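Visitor: Dumping the structure here so I can ask a few things about it.
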Amino acid sequence: MNIVLLGGPGSGKGTVSNLLEETQNMGHIATGDMFREEIKNETDLGKKAQEYINKGNLVPDDITINMLKGKINQFKDFHGVVFDGFPRNVEQAKALEDMLEEQGQKVDLALFLDIPDEDIIYRTVKRRICSNKECGAIYNLEYKKPKVDGICDICGSKLIQRKDDNEETITERLKVYHEQSKELIEFYEEQNLLYRVKLHASVNITKEMIKEWLENYNKNR
Ligand code: AMP
């Protein structure tokens, strides 16, 4: 089963991905993480992407799609893949269809994490992530605090704040998100693949919730 996650910045896509990876043995592709890795390694791609990311804009489609094309084969042996932060628009959604079709696969579910804008700002400013890429645990200083300040409960690494998780960049990211997401949501709605989950600020997404969403989705098909 291949799942596409839709939703604004800080809507919980990373948390859902981590749980799906853990509970359903799915691969996890996060284009935002891929870009952050390229930036850390100071590659040409990273340098190009950074200009857009720092301003809260999307990296152009050709760069993003080519980056994904180069990596998608690594996930062939998984029990499906969860796509986190890709596609961000219809052009990318069509490119994903083509990439999956080449492997005899398709998107099976577009899970839309629907959360009000004011909650998004609150969630992202308070978000902290584990600096250990292999772990990638996500915390929130209000409703999912680590047991020890600044330290990951799971692996003991330092927690960090993403550079683009500040109010100014988030406001721009939200604007970009709203410009692109309507069409994308309609794209999956028309194919009867969309499953909308309504959330609010203090929701701490759990394994049980995911199980229930997947069961409901399957029941309503
Ligand atoms: P994320 O970690 O998904 O919030 O992504 C962080 C930033 O990376 C975004 O604000 C964009 O600048 C860039 N990015 C991530 N995924 C994409 C994508 N599919 N298309 C374009 N830009 C992306």
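The chains in the structure tokens are called A, B, ... from first to last as shown; in each chain the residues are counted from 1, and the ligands are counted from 1 in the order shown.
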Could you list the protein, DNA and RNA residues that have any atom within 8 Å of ligand 1, counting only C-alpha atoms and all ligand atoms, and write them as JSON, numbers by chain?
Guide: {"A": [9, 10, 30, 31, 32, 33, 35, 36, 49, 50, 52, 53, 54, 55, 56, 57, 58, 59, 60, 61, 64, 65, 84, 85, 86, 87, 88, 89, 92, 164, 173]}
Visitor: Please produce an output containing N, CA, C and O atoms for each residue in the selection, written as a short mmCIF file (atom, residue, chain, number, x, y, z; two decimals), in the first residue's frame.
Guide:
```cif
data_model
loop_
_atom_site.label_atom_id
_atom_site.label_comp_id
_atom_site.auth_asym_id
_atom_site.auth_seq_id
_atom_site.Cartn_x
_atom_site.Cartn_y
_atom_site.Cartn_z
N PRO A 9 2.31 22.53 6.90
CA PRO A 9 3.50 22.32 7.73
C PRO A 9 3.07 22.08 9.17
O PRO A 9 2.16 22.74 9.67
N GLY A 10 3.66 21.09 9.82
CA GLY A 10 3.35 20.84 11.22
C GLY A 10 2.00 20.17 11.46
O GLY A 10 1.53 20.10 12.58
N ALA A 30 10.63 11.36 2.61
CA ALA A 30 10.28 12.74 2.97
C ALA A 30 11.20 13.67 2.17
O ALA A 30 12.41 13.71 2.41
N THR A 31 10.63 14.37 1.21
CA THR A 31 11.46 15.23 0.36
C THR A 31 12.11 16.34 1.20
O THR A 31 13.24 16.74 0.92
N GLY A 32 11.41 16.83 2.24
CA GLY A 32 12.00 17.85 3.10
C GLY A 32 13.28 17.32 3.77
O GLY A 32 14.30 18.01 3.82
N ASP A 33 13.23 16.07 4.27
CA ASP A 33 14.42 15.46 4.89
C ASP A 33 15.53 15.30 3.86
O ASP A 33 16.71 15.49 4.16
N PHE A 35 16.09 17.13 1.25
CA PHE A 35 16.70 18.45 1.02
C PHE A 35 17.60 18.83 2.20
O PHE A 35 18.72 19.34 2.00
N ARG A 36 17.13 18.59 3.43
CA ARG A 36 17.94 18.97 4.60
C ARG A 36 19.27 18.21 4.61
O ARG A 36 20.31 18.75 4.98
N ALA A 49 18.56 24.34 -3.27
CA ALA A 49 17.32 24.17 -2.51
C ALA A 49 17.23 25.13 -1.33
O ALA A 49 16.15 25.65 -1.02
N GLN A 50 18.36 25.38 -0.71
CA GLN A 50 18.37 26.20 0.51
C GLN A 50 17.77 27.59 0.28
O GLN A 50 17.06 28.11 1.14
N TYR A 52 15.40 28.49 -1.60
CA TYR A 52 13.94 28.44 -1.58
C TYR A 52 13.42 28.11 -0.19
O TYR A 52 12.47 28.72 0.31
N ILE A 53 14.06 27.13 0.44
CA ILE A 53 13.57 26.64 1.74
C ILE A 53 13.63 27.75 2.79
O ILE A 53 12.70 27.93 3.56
N ASN A 54 14.73 28.50 2.80
CA ASN A 54 14.87 29.56 3.81
C ASN A 54 13.81 30.63 3.69
O ASN A 54 13.46 31.28 4.66
N LYS A 55 13.30 30.79 2.47
CA LYS A 55 12.26 31.81 2.29
C LYS A 55 10.85 31.24 2.51
O LYS A 55 9.87 31.95 2.40
N GLY A 56 10.78 29.95 2.71
CA GLY A 56 9.46 29.32 2.89
C GLY A 56 8.79 28.97 1.57
O GLY A 56 7.61 28.63 1.54
N ASN A 57 9.56 29.06 0.47
CA ASN A 57 8.98 28.72 -0.85
C ASN A 57 9.23 27.26 -1.19
O ASN A 57 10.09 26.62 -0.60
N LEU A 58 8.50 26.78 -2.20
CA LEU A 58 8.75 25.42 -2.66
C LEU A 58 9.97 25.41 -3.57
O LEU A 58 10.21 26.36 -4.33
N VAL A 59 10.73 24.32 -3.50
CA VAL A 59 11.83 24.12 -4.45
C VAL A 59 11.17 23.80 -5.80
O VAL A 59 10.14 23.11 -5.83
N PRO A 60 11.72 24.31 -6.92
CA PRO A 60 11.04 24.08 -8.20
C PRO A 60 10.81 22.58 -8.49
O PRO A 60 11.60 21.74 -8.08
N ASP A 61 9.70 22.33 -9.20
CA ASP A 61 9.28 20.94 -9.46
C ASP A 61 10.37 20.10 -10.12
O ASP A 61 10.57 18.95 -9.76
N THR A 64 12.92 18.95 -7.62
CA THR A 64 12.34 18.04 -6.62
C THR A 64 12.03 16.67 -7.24
O THR A 64 12.37 15.62 -6.68
N ILE A 65 11.42 16.70 -8.41
CA ILE A 65 11.02 15.44 -9.06
C ILE A 65 12.27 14.62 -9.43
O ILE A 65 12.32 13.41 -9.20
N ASP A 84 5.88 11.67 2.31
CA ASP A 84 5.67 12.73 3.30
C ASP A 84 6.21 14.03 2.71
O ASP A 84 7.41 14.19 2.53
N GLY A 85 5.28 14.93 2.35
CA GLY A 85 5.72 16.20 1.79
C GLY A 85 5.90 16.17 0.28
O GLY A 85 6.37 17.12 -0.33
N PHE A 86 5.54 15.08 -0.33
CA PHE A 86 5.53 14.94 -1.79
C PHE A 86 4.34 14.06 -2.14
O PHE A 86 4.20 12.99 -1.56
N PRO A 87 3.48 14.45 -3.07
CA PRO A 87 3.52 15.66 -3.89
C PRO A 87 2.99 16.89 -3.15
O PRO A 87 2.18 16.77 -2.23
N ARG A 88 3.44 18.06 -3.60
CA ARG A 88 2.95 19.33 -3.05
C ARG A 88 2.00 20.01 -4.04
O ARG A 88 1.37 20.99 -3.70
N ASN A 89 1.94 19.52 -5.27
CA ASN A 89 1.04 20.11 -6.27
C ASN A 89 0.69 19.04 -7.30
O ASN A 89 1.22 17.91 -7.25
N GLN A 92 3.48 17.48 -9.47
CA GLN A 92 4.25 16.45 -8.74
C GLN A 92 3.43 15.17 -8.57
O GLN A 92 3.97 14.06 -8.63
N ASP A 164 13.55 26.52 9.49
CA ASP A 164 12.37 27.12 8.88
C ASP A 164 11.14 27.04 9.78
O ASP A 164 10.04 27.39 9.36
N ARG A 173 5.16 29.65 4.32
CA ARG A 173 4.93 28.24 3.96
C ARG A 173 3.44 27.94 3.90
O ARG A 173 2.96 27.19 3.05
#
```
Visitor: List the spatial neighbours of A:Leu96 as a PyMOL selection string - criterion: any atom at most 12 Å away, only C-alpha atoms, same-chain residues fewer than 2 positions off excluded.
Guide: chain A and resi 2-4+61+64-66+68-69+72+81+83+86-94+98-103+105-107
Visitor: Report the residues of stretch 92-165 of chain A whose backbone DSSP state falls under strand (DSSP E), written as a PyMOL selection string.
Guide: chain A and resi 109-114+127-130+138-140+159-160
Visitor: Take the selection from the previous step and output its residues with all heavy atoms, as a compact mmCIF listing (two decimals), in the first residue's frame.
Guide:
```
# COMPACT_ATOMS: atom_id res chain seq x y z
N LEU A 109 -3.79 5.54 -1.19
CA LEU A 109 -4.51 6.37 -0.23
C LEU A 109 -3.82 7.73 -0.10
O LEU A 109 -2.59 7.80 -0.02
CB LEU A 109 -4.51 5.66 1.14
CG LEU A 109 -4.86 6.46 2.38
CD1 LEU A 109 -6.30 6.95 2.35
CD2 LEU A 109 -4.65 5.61 3.65
N ALA A 110 -4.64 8.79 -0.13
CA ALA A 110 -4.11 10.13 0.16
C ALA A 110 -4.71 10.55 1.50
O ALA A 110 -5.90 10.83 1.60
CB ALA A 110 -4.50 11.11 -0.93
N LEU A 111 -3.91 10.51 2.52
CA LEU A 111 -4.37 10.82 3.87
C LEU A 111 -4.15 12.32 4.13
O LEU A 111 -3.02 12.78 4.14
CB LEU A 111 -3.57 9.98 4.86
CG LEU A 111 -3.96 9.97 6.32
CD1 LEU A 111 -5.39 9.52 6.53
CD2 LEU A 111 -3.02 9.05 7.11
N PHE A 112 -5.26 13.03 4.30
CA PHE A 112 -5.19 14.49 4.44
C PHE A 112 -5.35 14.88 5.90
O PHE A 112 -6.41 14.69 6.49
CB PHE A 112 -6.30 15.10 3.57
CG PHE A 112 -6.48 16.59 3.73
CD1 PHE A 112 -5.43 17.43 4.09
CD2 PHE A 112 -7.72 17.17 3.47
CE1 PHE A 112 -5.60 18.79 4.23
CE2 PHE A 112 -7.91 18.55 3.60
CZ PHE A 112 -6.84 19.36 4.00
N LEU A 113 -4.29 15.39 6.50
CA LEU A 113 -4.31 15.83 7.90
C LEU A 113 -4.73 17.29 7.91
O LEU A 113 -3.95 18.19 7.61
CB LEU A 113 -2.92 15.65 8.52
CG LEU A 113 -2.34 14.23 8.40
CD1 LEU A 113 -0.94 14.18 8.98
CD2 LEU A 113 -3.25 13.21 9.08
N ASP A 114 -5.99 17.48 8.23
CA ASP A 114 -6.63 18.80 8.09
C ASP A 114 -6.64 19.52 9.44
O ASP A 114 -7.29 19.07 10.38
CB ASP A 114 -8.08 18.55 7.61
CG ASP A 114 -8.76 19.83 7.21
OD1 ASP A 114 -8.12 20.88 7.22
OD2 ASP A 114 -9.97 19.76 6.90
N ARG A 127 7.77 22.94 17.73
CA ARG A 127 8.26 21.62 17.31
C ARG A 127 9.78 21.50 17.53
O ARG A 127 10.52 22.42 17.27
CB ARG A 127 7.94 21.40 15.83
CG ARG A 127 8.58 20.16 15.23
CD ARG A 127 7.95 19.76 13.94
NE ARG A 127 8.10 20.73 12.86
CZ ARG A 127 7.52 20.60 11.67
NH1 ARG A 127 6.75 19.55 11.43
NH2 ARG A 127 7.69 21.50 10.74
N ARG A 128 10.20 20.34 18.01
CA ARG A 128 11.62 20.03 18.10
C ARG A 128 11.80 18.63 17.50
O ARG A 128 10.94 17.77 17.69
CB ARG A 128 12.11 20.01 19.56
CG ARG A 128 11.99 21.35 20.27
CD ARG A 128 12.93 22.42 19.69
NE ARG A 128 12.84 23.68 20.41
CZ ARG A 128 11.95 24.64 20.12
NH1 ARG A 128 11.08 24.48 19.12
NH2 ARG A 128 11.93 25.76 20.81
N ILE A 129 12.93 18.44 16.81
CA ILE A 129 13.14 17.12 16.20
C ILE A 129 14.48 16.54 16.66
O ILE A 129 15.40 17.28 17.00
CB ILE A 129 13.10 17.19 14.65
CG1 ILE A 129 14.07 18.24 14.12
CG2 ILE A 129 11.70 17.47 14.14
CD1 ILE A 129 14.20 18.26 12.63
N CYS A 130 14.54 15.22 16.62
CA CYS A 130 15.78 14.54 17.02
C CYS A 130 16.84 14.80 15.96
O CYS A 130 16.58 14.65 14.75
CB CYS A 130 15.53 13.05 17.19
SG CYS A 130 17.03 12.17 17.63
N ILE A 138 9.86 13.16 16.73
CA ILE A 138 9.35 14.54 16.71
C ILE A 138 8.67 14.85 18.04
O ILE A 138 7.88 14.05 18.54
CB ILE A 138 8.34 14.70 15.54
CG1 ILE A 138 9.02 14.34 14.22
CG2 ILE A 138 7.80 16.14 15.49
CD1 ILE A 138 8.06 14.17 13.05
N TYR A 139 9.00 16.00 18.60
CA TYR A 139 8.42 16.41 19.89
C TYR A 139 7.72 17.76 19.74
O TYR A 139 7.88 18.45 18.75
CB TYR A 139 9.54 16.53 20.94
CG TYR A 139 10.22 15.21 21.21
CD1 TYR A 139 11.27 14.79 20.39
CD2 TYR A 139 9.78 14.38 22.23
CE1 TYR A 139 11.89 13.56 20.60
CE2 TYR A 139 10.39 13.15 22.45
CZ TYR A 139 11.44 12.74 21.63
OH TYR A 139 12.03 11.53 21.85
N ASN A 140 6.96 18.10 20.79
CA ASN A 140 6.37 19.43 20.85
C ASN A 140 6.49 19.92 22.29
O ASN A 140 6.16 19.18 23.23
CB ASN A 140 4.90 19.37 20.41
CG ASN A 140 4.30 20.76 20.35
OD1 ASN A 140 4.02 21.37 21.37
ND2 ASN A 140 4.13 21.28 19.15
N LEU A 159 18.01 17.37 20.77
CA LEU A 159 16.86 17.83 19.97
C LEU A 159 17.20 19.18 19.35
O LEU A 159 17.87 20.00 19.98
CB LEU A 159 15.61 17.98 20.85
CG LEU A 159 15.10 16.70 21.52
CD1 LEU A 159 13.81 16.99 22.28
CD2 LEU A 159 14.87 15.59 20.49
N ILE A 160 16.73 19.39 18.13
CA ILE A 160 17.01 20.66 17.47
C ILE A 160 15.71 21.25 16.92
O ILE A 160 14.70 20.55 16.76
CB ILE A 160 18.02 20.50 16.30
CG1 ILE A 160 17.59 19.34 15.36
CG2 ILE A 160 19.43 20.25 16.81
CD1 ILE A 160 18.39 19.25 14.10
```
Visitor: Kindly indicate which residue among A:Met209, A:Ile170, A:Val203, A:Cys135 lies nearest to A:Asp153, using only C-alpha atoms for the distances.
Guide: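 Once distances to A:Asp153 are computed over only C-alpha atoms, the minimum belongs to A:Cys135.
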Visitor: I'd like to know which of A:Ala137, A:Ile210, A:Gly80, A:Lys198 is closest to A:Ile29, using only C-alpha atoms.
Guide: A:Gly80
Visitor: How far is it from atom CA of A:His200 to atom CA of A:Glu183, in Å with one decimal?
Guide: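 Separating atom CA of A:His200 from atom CA of A:Glu183 is a distance of 22.8 Å.
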Visitor: Might you pull out every residue within 10 Å of A:Tyr217, with only C-alpha atoms counted and same-chain residues fewer than 6 positions away left off, and present them as a list in words?
Guide: Leu109, Leu111, Leu193, Leu194, Tyr195, Arg196 and Lys211 of chain A
Visitor: Would you save the residues of that selection, restricted to all heavy atoms, as a CSV table (one decimal), in the first residue's frame?
Guide:
```csv
chain,number,residue,atom,x,y,z
A,109,LEU,N,-3.8,5.5,-1.2
A,109,LEU,CA,-4.5,6.4,-0.2
A,109,LEU,C,-3.8,7.7,-0.1
A,109,LEU,O,-2.6,7.8,0.0
A,109,LEU,CB,-4.5,5.7,1.1
A,109,LEU,CG,-4.9,6.5,2.4
A,109,LEU,CD1,-6.3,6.9,2.4
A,109,LEU,CD2,-4.7,5.6,3.6
A,111,LEU,N,-3.9,10.5,2.5
A,111,LEU,CA,-4.4,10.8,3.9
A,111,LEU,C,-4.2,12.3,4.1
A,111,LEU,O,-3.0,12.8,4.1
A,111,LEU,CB,-3.6,10.0,4.9
A,111,LEU,CG,-4.0,10.0,6.3
A,111,LEU,CD1,-5.4,9.5,6.5
A,111,LEU,CD2,-3.0,9.1,7.1
A,193,LEU,N,-9.5,8.7,-3.6
A,193,LEU,CA,-8.4,8.2,-2.8
A,193,LEU,C,-8.2,9.0,-1.6
A,193,LEU,O,-7.4,8.7,-0.7
A,193,LEU,CB,-7.1,8.3,-3.6
A,193,LEU,CG,-7.0,7.3,-4.8
A,193,LEU,CD1,-5.7,7.6,-5.6
A,193,LEU,CD2,-7.0,5.9,-4.4
A,194,LEU,N,-9.0,10.1,-1.4
A,194,LEU,CA,-8.8,11.0,-0.3
A,194,LEU,C,-9.5,10.5,1.0
A,194,LEU,O,-10.7,10.2,0.9
A,194,LEU,CB,-9.3,12.4,-0.7
A,194,LEU,CG,-8.8,13.5,0.3
A,194,LEU,CD1,-7.4,13.9,-0.1
A,194,LEU,CD2,-9.7,14.7,0.3
A,195,TYR,N,-8.8,10.6,2.1
A,195,TYR,CA,-9.4,10.3,3.4
A,195,TYR,C,-8.9,11.5,4.3
A,195,TYR,O,-7.8,11.7,4.5
A,195,TYR,CB,-8.9,9.0,3.9
A,195,TYR,CG,-9.6,8.6,5.2
A,195,TYR,CD1,-10.9,8.1,5.2
A,195,TYR,CD2,-8.9,8.7,6.4
A,195,TYR,CE1,-11.5,7.8,6.4
A,195,TYR,CE2,-9.6,8.4,7.6
A,195,TYR,CZ,-10.9,7.9,7.6
A,195,TYR,OH,-11.5,7.6,8.8
A,196,ARG,N,-9.9,12.3,4.7
A,196,ARG,CA,-9.7,13.5,5.5
A,196,ARG,C,-9.8,13.2,7.0
A,196,ARG,O,-10.8,12.6,7.4
A,196,ARG,CB,-10.7,14.5,5.1
A,196,ARG,CG,-10.5,15.9,5.7
A,196,ARG,CD,-11.7,16.8,5.4
A,196,ARG,NE,-11.8,17.1,4.0
A,196,ARG,CZ,-11.6,18.2,3.4
A,196,ARG,NH1,-11.2,19.2,4.1
A,196,ARG,NH2,-11.8,18.4,2.1
A,211,LYS,N,-4.3,3.2,13.3
A,211,LYS,CA,-5.0,2.0,13.0
A,211,LYS,C,-6.4,2.2,12.7
A,211,LYS,O,-7.0,1.7,11.7
A,211,LYS,CB,-4.8,1.1,14.3
A,211,LYS,CG,-5.0,-0.4,14.0
A,211,LYS,CD,-4.5,-1.2,15.2
A,211,LYS,CE,-5.4,-2.5,15.2
A,211,LYS,NZ,-6.0,-2.7,16.4
```
Visitor: Give me the residues near A:Met26 as a PyMOL selection string, where near means some atom within 10 Å (using only C-alpha atoms) and where sequence neighbours in that chain fewer than 6 positions away do not count.
Guide: chain A and resi 1-3+17-20+75+77-82
Visitor: If you run DSSP on this backbone, which residues of stretch 11-87 of chain A come out as helix (DSSP H, G or I), and could you give them as a ChimeraX atom specification?
Guide: /A:13-24,31-40,44-55,61-69,72-75
Visitor: Which is closer to A:Asp108 than all the others in A:Asn204, A:Trp213, A:Asn220, A:Tyr188, using only C-alpha atoms?
Guide: A:Tyr188
Visitor: Near A:Leu174, within 8 Å and counting only C-alpha atoms, which residues show up once chain neighbours fewer than 2 positions away are dropped, as a ChimeraX atom specification?
Guide: /A:8-9,117,170-172,176-178
Visitor: Tell me, as a ChimeraX atom specification, which residues lie within 8 Å of A:Lys47, counting only C-alpha atoms; anything in the same chain fewer than 5 positions away does not count.
Guide: /A:38-39,42
Visitor: Residues as selected, N, CA, C and O atoms, written as a PDB file, in the first residue's frame, can you do that?
Guide:
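Wrote it out as part26.pdb, contents follow:
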```pdb
ATOM      1  N   GLU A  38      20.860  17.126   1.875  1.00  0.00           N
ATOM      2  CA  GLU A  38      21.691  17.730   0.813  1.00  0.00           C
ATOM      3  C   GLU A  38      22.305  19.043   1.305  1.00  0.00           C
ATOM      4  O   GLU A  38      23.445  19.356   1.007  1.00  0.00           O
ATOM      5  N   ILE A  39      21.524  19.814   2.076  1.00  0.00           N
ATOM      6  CA  ILE A  39      22.020  21.097   2.598  1.00  0.00           C
ATOM      7  C   ILE A  39      23.165  20.836   3.594  1.00  0.00           C
ATOM      8  O   ILE A  39      24.208  21.475   3.537  1.00  0.00           O
ATOM      9  N   GLU A  42      26.259  20.064   1.966  1.00  0.00           N
ATOM     10  CA  GLU A  42      26.699  21.178   1.115  1.00  0.00           C
ATOM     11  C   GLU A  42      26.850  20.787  -0.352  1.00  0.00           C
ATOM     12  O   GLU A  42      27.823  21.157  -1.010  1.00  0.00           O
TER      13      GLU A  42
END
```
